[in-house]
Amino acid sequence: MGLNNRFLRAMSILLFLALIPLTTCGKDSPTSPRAPEPTPPPPPPPTPVANRVAISPSSANLTTTGQTIQLSARVFDQNNAQMSAAVVTWSSSAVDVATVSGQGLVTALKNGTATITGRSGNASASITVTVTLSVGSIAIEPASATLMALGETVQLTATVLDRNGQSIAGPVVTWTSSAAGVATVSTQGLVTAVKNGTATITARSGSASATSKVTVMQSVGSIVIEPASATLMALGETVQLTATVLDPNRLPVADAVVTWTSSDDLVATVSTQGLVTAVKNGVAAITARSGSASASIPVTVMQSVGSIVIEPASAT
């Protein structure tokens, strides 16, 4: 009995010792269940960056001063997604041709071409805006002119207006004269008097034209009489005077009307054609008058002895 008890105790101890490694190995075994580790959050999406700008319309042509066109710009990021809140700045390469507002409103100013650019960040796009102003009418100043001397000039100016009545800057204007023998006109609109008469000066730009009436009417500036003096040596002797009528530029006035008078018809008379005839000894002033101008020369009648006649021719 005692032997059996000892045997049982020994077996119990051996069994206990055999179970200890198994218990320890079970705790450290990799196959033992563990709590699952939490899933890491996904990385944040990249910040949208402006990558491309699209402008609409892609080009524009304006035909009147002050005409406008509204541009719109769409901005896309690196994923080609539209950035609705993107800020776009606008600029014009030629603000004298066309301006652009901060909202993309383009306004035409004068003929030419401007590049309009929309920019957002480092991305940009551009379109070409062409301004081709259509001529509506032309106004010439002065509307008429009178030139009082040959060679006198008058400067005409042509204002070219578009269909909205706005002045067109730097227009091409051609000038012509209907009577170049009366008045010529330069390519810049400078009119020069050539001879008395009337000429119509025309300014043309595109399909529009306007005219100005120019009258050349020489005014008398002075008169020159030839000869400047005369001496008649016999009663009835004559001398022909000529009067040249000059305008303010001292150029001859064609077909000028001249009237002649003598200060003393008892000494010398003068015809309507300027023919002076001696009447008796003395001095007379012969005057030529045209318009408000006049000139005079002295004519002296001084009989010279040509012969002597004795009466009676003989006596007894």
# chains A, B, ... in the order shown; residues from 1 in each chain; ligands from 1

$ select_by_dssp --residues "range 86-305 of chain A" --states "strand (DSSP E or B)" --output "ChimeraX atom specification"
/A:89-92,98-100,105-108,112-120,123-131,135-141,144-147,153-155,157-162,167,174-177,183-185,190-193,197-205,208-216,222-226,230-232,238-240,242-246,252,259-262,268-270,275-278,282-290,293-301

$ closest_atom_pairs --of "range 113-158 of chain A" --to "range 240-248 of chain A" --cutoff "12 Å" --atoms "only C-alpha atoms" --output "tab-separated table"
residue	atom	partner	partner_atom	distance
A:Leu147	CA	A:Pro248	CA	10.8
A:Met148	CA	A:Asp247	CA	7.4
A:Ala149	CA	A:Asp247	CA	5.4
A:Leu150	CA	A:Asp247	CA	7.4
A:Gly151	CA	A:Pro248	CA	10.0
A:Glu152	CA	A:Pro248	CA	9.2

$ residues_around --residues "Ser222 in chain A" --least-positions-apart "6" --cutoff "10 Å" --atoms "only C-alpha atoms" --output "number ranges by chain"
A: 244-253, 289-295

$ atom_distance --atom1 "CA of Ala123 in chain A" --atom2 "CA of Ala98 in chain A"
22.5 Å

$ closest_residue --among "A:Leu266, A:Ala86, A:Ala288, A:Val160" --to "Ile225 in chain A" --atoms "only C-alpha atoms"
A:Ala288

$ residues_around --residues "Pro48 in chain A" --least-positions-apart "2" --cutoff "7 Å" --atoms "only C-alpha atoms" --output "JSON, numbers by chain"
{"A": [46, 50, 77, 78]}

$ closest_residue --among "A:Gln70, A:Thr287, A:Thr300, A:Thr202" --to "Ser144 in chain A" --atoms "only C-alpha atoms"
A:Thr202

$ residues_around --residues "Val53 in chain A" --least-positions-apart "3" --cutoff "10 Å" --atoms "only C-alpha atoms" --output "list in words"
Ala50, Ala73, Arg74, Val75, Phe76, Asp77, Gln82, Met83, Val88, Thr117, Gly118, Arg119, Ser120, Gly121, Asn122, Ala123, Ser124, Ala125 and Ser126 of chain A

$ closest_residue --among "A:Val135, A:Asp96, A:Asn51, A:Ile69" --to "Ala81 in chain A" --atoms "only C-alpha atoms"
A:Asn51

$ closest_residue --among "A:Pro42, A:Pro142, A:Gly170, A:Pro227" --to "Val97 in chain A" --atoms "only C-alpha atoms"
A:Gly170

$ residues_around --residues "Ala278 in chain A" --least-positions-apart "5" --cutoff "10 Å" --atoms "only C-alpha atoms" --output "PDB file with N, CA, C and O atoms, in the first residue's frame"
ATOM      1  N   THR A 231       7.221 161.400-120.349  1.00  0.00           N
ATOM      2  CA  THR A 231       7.298 162.800-120.782  1.00  0.00           C
ATOM      3  C   THR A 231       6.914 162.856-122.252  1.00  0.00           C
ATOM      4  O   THR A 231       7.511 162.139-123.076  1.00  0.00           O
ATOM      5  N   LEU A 232       5.906 163.645-122.539  1.00  0.00           N
ATOM      6  CA  LEU A 232       5.445 163.807-123.920  1.00  0.00           C
ATOM      7  C   LEU A 232       5.959 165.153-124.437  1.00  0.00           C
ATOM      8  O   LEU A 232       5.791 166.202-123.783  1.00  0.00           O
ATOM      9  N   MET A 233       6.588 165.116-125.602  1.00  0.00           N
ATOM     10  CA  MET A 233       7.279 166.291-126.124  1.00  0.00           C
ATOM     11  C   MET A 233       6.470 167.057-127.177  1.00  0.00           C
ATOM     12  O   MET A 233       6.930 168.074-127.691  1.00  0.00           O
ATOM     13  N   ALA A 234       5.273 166.558-127.455  1.00  0.00           N
ATOM     14  CA  ALA A 234       4.459 167.266-128.451  1.00  0.00           C
ATOM     15  C   ALA A 234       2.997 167.045-128.116  1.00  0.00           C
ATOM     16  O   ALA A 234       2.615 165.987-127.580  1.00  0.00           O
ATOM     17  N   LEU A 235       2.185 168.049-128.400  1.00  0.00           N
ATOM     18  CA  LEU A 235       0.754 167.916-128.196  1.00  0.00           C
ATOM     19  C   LEU A 235       0.224 166.857-129.146  1.00  0.00           C
ATOM     20  O   LEU A 235       0.629 166.757-130.304  1.00  0.00           O
ATOM     21  N   GLY A 236      -0.666 165.994-128.604  1.00  0.00           N
ATOM     22  CA  GLY A 236      -1.203 164.888-129.386  1.00  0.00           C
ATOM     23  C   GLY A 236      -0.346 163.638-129.317  1.00  0.00           C
ATOM     24  O   GLY A 236      -0.764 162.564-129.785  1.00  0.00           O
ATOM     25  N   GLU A 237       0.873 163.793-128.796  1.00  0.00           N
ATOM     26  CA  GLU A 237       1.723 162.608-128.640  1.00  0.00           C
ATOM     27  C   GLU A 237       1.072 161.664-127.621  1.00  0.00           C
ATOM     28  O   GLU A 237       0.411 162.094-126.675  1.00  0.00           O
ATOM     29  N   THR A 238       1.295 160.392-127.808  1.00  0.00           N
ATOM     30  CA  THR A 238       0.672 159.401-126.917  1.00  0.00           C
ATOM     31  C   THR A 238       1.725 158.474-126.309  1.00  0.00           C
ATOM     32  O   THR A 238       2.826 158.319-126.847  1.00  0.00           O
ATOM     33  N   VAL A 239       1.327 157.868-125.221  1.00  0.00           N
ATOM     34  CA  VAL A 239       2.129 156.812-124.590  1.00  0.00           C
ATOM     35  C   VAL A 239       1.161 155.773-124.020  1.00  0.00           C
ATOM     36  O   VAL A 239       0.135 156.117-123.424  1.00  0.00           O
ATOM     37  N   ASP A 265      -7.301 166.530-117.191  1.00  0.00           N
ATOM     38  CA  ASP A 265      -7.554 166.202-118.599  1.00  0.00           C
ATOM     39  C   ASP A 265      -7.138 167.335-119.537  1.00  0.00           C
ATOM     40  O   ASP A 265      -7.016 167.093-120.752  1.00  0.00           O
ATOM     41  N   LEU A 266      -6.909 168.545-119.017  1.00  0.00           N
ATOM     42  CA  LEU A 266      -6.471 169.641-119.872  1.00  0.00           C
ATOM     43  C   LEU A 266      -5.000 169.498-120.242  1.00  0.00           C
ATOM     44  O   LEU A 266      -4.524 170.124-121.196  1.00  0.00           O
ATOM     45  N   VAL A 267      -4.275 168.715-119.453  1.00  0.00           N
ATOM     46  CA  VAL A 267      -2.856 168.468-119.734  1.00  0.00           C
ATOM     47  C   VAL A 267      -2.678 167.157-120.487  1.00  0.00           C
ATOM     48  O   VAL A 267      -1.967 167.083-121.501  1.00  0.00           O
ATOM     49  N   ALA A 268      -3.329 166.094-119.967  1.00  0.00           N
ATOM     50  CA  ALA A 268      -3.209 164.789-120.622  1.00  0.00           C
ATOM     51  C   ALA A 268      -4.469 163.988-120.343  1.00  0.00           C
ATOM     52  O   ALA A 268      -4.973 163.972-119.210  1.00  0.00           O
ATOM     53  N   THR A 269      -4.959 163.340-121.328  1.00  0.00           N
ATOM     54  CA  THR A 269      -6.110 162.457-121.164  1.00  0.00           C
ATOM     55  C   THR A 269      -5.633 161.007-121.192  1.00  0.00           C
ATOM     56  O   THR A 269      -4.536 160.701-121.662  1.00  0.00           O
ATOM     57  N   VAL A 270      -6.490 160.119-120.669  1.00  0.00           N
ATOM     58  CA  VAL A 270      -6.162 158.692-120.683  1.00  0.00           C
ATOM     59  C   VAL A 270      -7.404 157.919-121.074  1.00  0.00           C
ATOM     60  O   VAL A 270      -8.515 158.198-120.602  1.00  0.00           O
ATOM     61  N   VAL A 283       1.750 168.927-116.018  1.00  0.00           N
ATOM     62  CA  VAL A 283       1.942 167.584-115.407  1.00  0.00           C
ATOM     63  C   VAL A 283       0.573 167.060-114.977  1.00  0.00           C
ATOM     64  O   VAL A 283      -0.212 167.792-114.344  1.00  0.00           O
ATOM     65  N   ALA A 284       0.303 165.833-115.286  1.00  0.00           N
ATOM     66  CA  ALA A 284      -0.931 165.167-114.861  1.00  0.00           C
ATOM     67  C   ALA A 284      -0.569 163.811-114.242  1.00  0.00           C
ATOM     68  O   ALA A 284       0.367 163.131-114.687  1.00  0.00           O
ATOM     69  N   VAL A 299       2.788 162.114-115.654  1.00  0.00           N
ATOM     70  CA  VAL A 299       2.994 162.336-117.100  1.00  0.00           C
ATOM     71  C   VAL A 299       3.227 163.828-117.307  1.00  0.00           C
ATOM     72  O   VAL A 299       2.384 164.656-116.928  1.00  0.00           O
ATOM     73  N   THR A 300       4.371 164.133-117.890  1.00  0.00           N
ATOM     74  CA  THR A 300       4.722 165.539-118.139  1.00  0.00           C
ATOM     75  C   THR A 300       4.594 165.836-119.629  1.00  0.00           C
ATOM     76  O   THR A 300       5.122 165.077-120.459  1.00  0.00           O
ATOM     77  N   VAL A 301       3.859 166.890-119.895  1.00  0.00           N
ATOM     78  CA  VAL A 301       3.769 167.354-121.286  1.00  0.00           C
ATOM     79  C   VAL A 301       4.679 168.566-121.401  1.00  0.00           C
ATOM     80  O   VAL A 301       4.461 169.588-120.722  1.00  0.00           O
ATOM     81  N   MET A 302       5.698 168.432-122.180  1.00  0.00           N
ATOM     82  CA  MET A 302       6.683 169.505-122.339  1.00  0.00           C
ATOM     83  C   MET A 302       7.041 169.580-123.822  1.00  0.00           C
ATOM     84  O   MET A 302       7.886 168.833-124.304  1.00  0.00           O
ATOM     85  N   GLN A 303       6.325 170.458-124.461  1.00  0.00           N
ATOM     86  CA  GLN A 303       6.572 170.561-125.903  1.00  0.00           C
ATOM     87  C   GLN A 303       8.010 170.941-126.182  1.00  0.00           C
ATOM     88  O   GLN A 303       8.561 171.860-125.551  1.00  0.00           O
TER      89      GLN A 303
END

$ closest_residue --among "A:Ser262, A:Thr316, A:Thr113, A:Thr146" --to "Ala94 in chain A" --atoms "only C-alpha atoms"
A:Thr113

$ closest_residue --among "A:Asn196, A:Ser56, A:Thr277, A:Gln67" --to "Gly165 in chain A" --atoms "only C-alpha atoms"
A:Gln67
